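Comments concern the structure below.
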Amino acid sequence: MLSQRSHTQFKLTWRPWSLQTGPVCFRATAPAVSQPRVQEPAGPRACQTRAVHSDEAQIQTTSTTTSSTQTEPQDQTSEQPLQQNHQPGPPDLKDFLQRIEETVITELVKNARGHAFDGFQANWGDHSQLVSCLHRLQHPIAQERDLHVTSVSWTCTGSVIACAYGRIDEGHWGTERSYLCTWNLNSQSLRPRQADLVIDVHTAITVLSCHPEKPALIAGGLYSGEVVIWDTSRTQDPVLALTGMSADSHREPIYQVAWVPLQEKGEFGVLSAGSGGRVLLWTVDSEQGRLVLKSAYALIQQQLPHNSSISLKAPGSSNVGVTSLALSVWDPDTFLVGSEGGLLLRCSFSSKTPAAVSTKDQTVTLRAPAVFSFRPHSGPVHSIHCSPFHRNLFVSAGTDGLAHLHSMLQPNPLMSLRVSETYVFQVEWSPTRPLVFAAATGQGEVQIFDLGRRSLRPVATIGQGTARQAATCLAFNRQSSHLLAVGNMDGTVGVWELSADLTEQNPRERSQLEQIANQVAE
């Protein structure tokens, strides 16, 4: 017997989604049958919308300020005519004011058009301290050996100071090794007790001079009579060129070296002078590593100008021992020489007079350069420096403790200043103040003079703080005029900062210098 299986048909109905009904759903319904309808149980319903994205933006207005003014309360009494409160003055005051009115106006207009105060700038800074010490540089090994600072020189950039070590007293000069040291004061890693560069030298260095345009080149004179040029940019062998020992070179200690511009544009030679009485001009042959003699001059007693007649060396010697030398920044043909016997001589590079001395084995003929002599010092002349602001002025100093101000045109000094009771080792003009110069003394002090002051006493004194230790040398920084380097006998180099009073030029300072130069020496 087959059983019959019943099939029930279902009908799907769709109801759209609405806020009232909730989410879309499908429901299966069967067609109406005779069975009773079952009611669906009530239950919770939920719905979910898509994520809502929102942006926020804002603006800001510029800041504004409000300003206002307010007048003083009006004084009721001031509205009344002045004539009501006018008090009668002296009977002649009105007439006097009327008479001088035109004269006063004329003078005011004249002052307004004048140029007396052109360039004047008021300086309201505190000048209570004219000098202050910035650095105390030293090379401990040189100090342990009791070496002295014999020379200091700034590079052309003004950032590096070069220092030479040797001896200025009676020592074993011939066998004494020495050092050339440099410090970069602008370096963040500056260490005053450790030099940036140390060059060992086989004998004492007597003098240094940095190249005027190339900061790496330094010329030096040695006690052995050699002239050396160091290139501090070379790490292996810093010696760029040297004279060696030959018939053309010096045989006595070198006391002065200077860079001299040559006729070839941009080229410089080295001028050297020593106690043997010869002044030699060298050119640099960097490829061969040597200095080549270009011109030679000899100072012979018999060929000096007639108003010089003092003995300069041991009896029977005719050579004039040169202890100092200076170049004129105004006249490239002129140089000045100071001697062991105190002579001051003006010389000419273009001299054609042969020197009365044997020139055997020499490649260059010696010439006699002296053309004019000045009143001598009473002892060796240690230093000469030409004014950078006047072509005819120079200052000299030596063992007599005096600084003499000279004119190139007069034999006698224009004035003499007592600088020290002992030696004066070096004098130098300020590069920015026409009337100011400094002097390093054997008493350990540096005296700074201002010729514009009524008193001829120093306007500032730099004490080194080391009793009985001479200040042996000094050098103004031409790029940073407020810096002054001072070398000392105790082996230290002091770097001093000068105040504006010592570095800023006064409006009438040049005219005052001109008046001094035009004086007639007594």
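Labels used: A, B, ... for chains in the order of the structure tokens, numbers from 1 for residues in each chain, and numbers from 1 for ligands as shown.
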
As a PyMOL selection string, please: the residues near Phe372 in chain A (cut-off 12 Å, only C-alpha atoms, same-chain neighbours under 4 positions excluded). chain A and resi 303-308+334-337+343-348+368+376+407-412

Could you make a table, as a tab-separated table, of the residues of range 186-270 of chain A that have an atom within 10 Å of an atom of range 276-293 of chain A, each with its nearest atom pair and distance in Å to one decimal, counting only C-alpha atoms, in chain and number order?
```
residue	atom	partner	partner_atom	distance
A:Gly225	CA	A:Gly276	CA	9.5
A:Val227	CA	A:Leu291	CA	8.1
A:Val228	CA	A:Leu291	CA	8.2
A:Ile229	CA	A:Val284	CA	8.6
A:Val239	CA	A:Gly289	CA	8.0
A:Leu240	CA	A:Gly289	CA	5.7
A:Ala241	CA	A:Gly289	CA	4.2
A:Leu242	CA	A:Arg290	CA	4.8
A:Thr243	CA	A:Leu291	CA	5.0
A:Gly244	CA	A:Arg290	CA	7.8
A:Asp248	CA	A:Leu293	CA	7.1
A:Ser249	CA	A:Leu280	CA	8.1
A:His250	CA	A:Gly276	CA	7.2
A:Arg251	CA	A:Gly276	CA	7.1
A:Glu252	CA	A:Gly276	CA	5.7
A:Pro253	CA	A:Gly276	CA	8.0
A:Ile254	CA	A:Gly276	CA	8.9
A:Gln256	CA	A:Val279	CA	9.4
A:Val257	CA	A:Leu280	CA	9.6
A:Ala258	CA	A:Leu281	CA	9.5
A:Trp259	CA	A:Leu281	CA	9.4
A:Val260	CA	A:Leu281	CA	8.3
A:Leu262	CA	A:Thr283	CA	8.9
A:Glu267	CA	A:Thr283	CA	8.9
A:Phe268	CA	A:Thr283	CA	7.3
A:Gly269	CA	A:Thr283	CA	4.7
A:Val270	CA	A:Trp282	CA	5.1
```

For range 144-155 of chain A, find every residue with an atom within 7 Å (counting only C-alpha atoms), except residues of its own chain fewer than 5 positions away, and show them as JSON, numbers by chain. {"A": [160, 161, 162, 163, 164, 165, 166, 167, 168, 206, 207, 208, 209, 210, 211, 215, 472, 473, 474, 475, 477, 487, 488, 489, 490, 491, 492]}

Would you compute the distance between CA of Lys110 in chain A and CA of Arg508 in chain A? Give it in Å to one decimal. 20.1 Å

As a PyMOL selection string, please: every residue in range 261-502 of chain A that DSSP puts in strand (DSSP E). chain A and resi 261+268-274+278-285+290-298+322-327+334-339+344-348+366-367+370-374+381-386+393-398+402-407+415-418+424-429+436-441+445-450+460-463+471-476+483-488+492-498

Tell me which of A:Ile199, A:Thr157, A:Leu299, A:Pro431 sits closest to Asn186 in chain A, counting only C-alpha atoms. A:Thr157

Report as a list in words all protein, DNA and RNA residues lying within 9 Å of Pro354 in chain A, evaluated on only C-alpha atoms, omitting residues in the same chain fewer than 4 positions from it. Tyr297, Ala298, Thr365, Leu366, Arg367, Ala368 and Pro369 of chain A

Point out the residue among A:Arg453, A:Tyr255, A:Thr69, A:Ala296 with the least atom-to-atom distance to Thr359 in chain A, counting only C-alpha atoms. A:Ala296

Which residue is closest to Ser396 in chain A? Choose from A:Asp361, A:Gly338, A:Ser68, A:Pro434 and count only C-alpha atoms. A:Gly338

Between CA of Asn518 in chain A and CA of Phe449 in chain A, measure the distance and give it in Å to one decimal. 19.9 Å
